Structures are given as structure tokens and as C-alpha cells.
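Pasted below: query.csv, CSV, C-alpha atoms.
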```
chain,number,residue,atom,x,y,z
A,1,MET,CA,110.6,70.4,152.8
A,2,ASP,CA,113.7,71.7,151.0
A,3,ASP,CA,115.3,69.8,148.2
A,4,LYS,CA,119.0,69.7,147.6
A,5,ASN,CA,118.9,72.6,145.2
A,6,GLY,CA,117.3,75.0,147.8
A,7,GLY,CA,113.7,74.8,146.5
A,8,CYS,CA,110.8,73.9,148.5
A,9,LYS,CA,108.8,70.8,147.3
A,10,ARG,CA,105.2,70.7,148.1
A,11,CYS,CA,105.2,74.2,149.6
A,12,LEU,CA,102.7,77.0,149.1
A,13,LEU,CA,103.7,80.6,148.3
A,14,TYR,CA,103.0,81.8,151.9
A,15,GLU,CA,105.4,79.2,153.2
A,16,MET,CA,108.2,80.3,150.9
A,17,ALA,CA,107.8,84.1,151.0
A,18,GLY,CA,106.7,86.7,153.5
A,19,LYS,CA,103.3,85.4,154.6
A,20,ASP,CA,101.7,88.8,154.8
A,21,ASP,CA,102.8,89.7,151.2
A,22,VAL,CA,101.3,86.5,149.8
A,23,ILE,CA,98.1,86.7,151.8
A,24,ALA,CA,97.7,90.3,150.5
A,25,GLN,CA,98.2,89.2,146.9
A,26,VAL,CA,95.8,86.3,147.2
A,27,GLU,CA,93.2,88.5,148.8
A,28,LYS,CA,93.6,91.1,146.1
A,29,THR,CA,93.0,88.4,143.4
A,30,ARG,CA,90.1,87.0,145.4
A,31,LYS,CA,88.4,90.4,145.5
A,32,LEU,CA,88.6,90.6,141.7
A,33,LEU,CA,86.2,87.6,141.5
A,34,THR,CA,82.5,88.0,141.9
A,35,ASP,CA,80.7,86.0,144.6
A,36,SER,CA,79.4,83.6,141.9
A,37,GLU,CA,83.0,83.1,140.6
A,38,ARG,CA,84.7,82.7,144.0
A,39,ALA,CA,85.3,79.3,145.7
A,40,THR,CA,84.1,79.2,149.3
A,41,ASP,CA,86.7,79.5,152.0
A,42,ASP,CA,86.1,75.8,152.9
A,43,GLU,CA,86.5,74.7,149.3
A,44,TYR,CA,89.6,76.8,148.9
A,45,GLN,CA,91.3,75.2,151.9
A,46,LYS,CA,90.3,71.7,150.8
A,47,ARG,CA,91.8,72.4,147.4
A,48,LEU,CA,95.1,73.6,148.9
A,49,ALA,CA,95.3,70.6,151.2
A,50,THR,CA,94.9,68.3,148.2
A,51,CYS,CA,97.6,70.2,146.3
A,52,LYS,CA,100.0,70.0,149.3
A,53,GLU,CA,99.8,66.2,149.1
A,54,CYS,CA,100.3,66.1,145.3
A,55,ASP,CA,103.7,65.1,143.8
A,56,LYS,CA,103.1,67.7,141.0
A,57,LEU,CA,103.5,70.6,143.5
A,58,ILE,CA,106.9,72.1,143.4
A,59,ASP,CA,107.7,75.6,144.7
A,60,ALA,CA,104.0,76.5,145.0
A,61,THR,CA,103.6,75.7,141.3
A,62,CYS,CA,101.6,72.9,139.7
A,63,LEU,CA,103.9,71.1,137.3
A,64,LYS,CA,100.9,69.9,135.2
A,65,CYS,CA,99.9,73.4,134.2
A,66,GLY,CA,102.4,75.9,135.6
A,67,CYS,CA,99.9,77.8,137.8
A,68,TYR,CA,100.4,79.0,141.3
A,69,VAL,CA,97.9,76.7,143.1
A,70,GLU,CA,96.9,79.4,145.6
A,71,ILE,CA,95.6,81.6,142.8
A,72,ARG,CA,94.0,78.8,140.7
A,73,ALA,CA,92.1,77.4,143.7
A,74,LEU,CA,90.3,80.7,144.3
A,75,SER,CA,88.0,80.4,141.3
A,76,LYS,CA,84.9,78.2,141.7
A,77,GLY,CA,85.1,77.2,138.1
A,78,ALA,CA,88.8,76.3,138.2
A,79,HIS,CA,89.8,72.6,138.2
A,80,CYS,CA,92.9,70.6,139.0
A,81,PRO,CA,94.7,69.6,135.9
A,82,ALA,CA,95.6,66.3,137.6
A,83,LYS,CA,91.8,65.9,138.2
A,84,LYS,CA,92.2,65.8,142.0
A,85,TRP,CA,89.7,68.5,142.6
```
Represent the structure of the file as C-alpha cells.
Amino acid sequence: MDDKNGGCKRCLLYEMAGKDDVIAQVEKTRKLLTDSERATDDEYQKRLATCKECDKLIDATCLKCGCYVEIRALSKGAHCPAKKW
């Protein structure tokens, strides 16, 4: 959903950029994590779904902390700064 300034509120990176490029970057980051550090695929998808519903998500960025949610959600030990996951 675009805002009047051309940004995309409540969008994830892959929705704003070339999907393949973003998926490749997320996968590259994911591979840097050990199995014990990495969130499961199911947990990752649940986290992203929660972020997409949050009013703090603007242009794939969390306004509470400034992170790209698709990267933060990869780590098992990461948490939502708004305490939603």
C-alpha cells in the first residue's frame, strides 16, 4: 500500500524490490547463522506476518529499532522491539 510520498507502508523488502535479489540476500544472511541460532521457517513466517500487521512497519523497516524485519526475524534469539514476537 503506497503512501502519498511514494513509499510503501507495511511492505516487506521483497515486495518493494526485485524479489529474487531480496530472497538471495535473506538466504545469504540465513546461511551465516548456525542451526541453533536460526529461527525455523514456520517461526520466521509467523514473525513476518506479525510485522506486516504492525503500524511500526514502514518501507520494510521497523520504526521502533530501524532494522529490516526480514533480517531480524531470521535469528532465533531476536525479538520484536514492540514485544509482538
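Between atom CA of Asp35 of chain A and atom CA of Leu63 of chain A the interatomic distance comes to 28.5 Å.
With distances taken over all atoms listed in the file, A:Glu43 is the one residue among A:Glu43, A:Glu27, A:Asp21, A:Glu53 lying closest to Ala73 of chain A.
Atom CA of Glu37 of chain A is positioned 21.2 Å from atom CA of Ala82 of chain A.
Among the candidates A:Ala24, A:Leu12, A:Leu32, A:Ala78, the one nearest to Thr61 of chain A when counting all atoms listed in the file is A:Leu12.
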Nearby residues (only C-alpha atoms) at most 7 Å from Ala39 of chain A, same-chain spacing under 2 positions excluded, as a PDB file with C-alpha atoms, in the frame of the given file:
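The result, stored in out-v9.pdb:
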```pdb
ATOM      1  CA  GLU A  37      83.000  83.100 140.600  1.00  0.00           C
ATOM      2  CA  ASP A  41      86.700  79.500 152.000  1.00  0.00           C
ATOM      3  CA  GLU A  43      86.500  74.700 149.300  1.00  0.00           C
ATOM      4  CA  TYR A  44      89.600  76.800 148.900  1.00  0.00           C
ATOM      5  CA  LEU A  74      90.300  80.700 144.300  1.00  0.00           C
ATOM      6  CA  SER A  75      88.000  80.400 141.300  1.00  0.00           C
ATOM      7  CA  LYS A  76      84.900  78.200 141.700  1.00  0.00           C
TER       8      LYS A  76
END
```
Close residues, Lys84 of chain A itself excluded, 9 Å, all atoms listed in the file, min 4 positions apart in chain, as a PyMOL selection string: chain A and resi 47+50-51+54+79-80
Pick from A:Ile23, A:Lys28, A:Pro81, A:Glu70 nearest to Lys46 of chain A, counting all atoms listed in the file: A:Glu70
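Taking atom CA of Gly77 of chain A as the reference point, atom CA of Gln25 of chain A is found at 19.8 Å.
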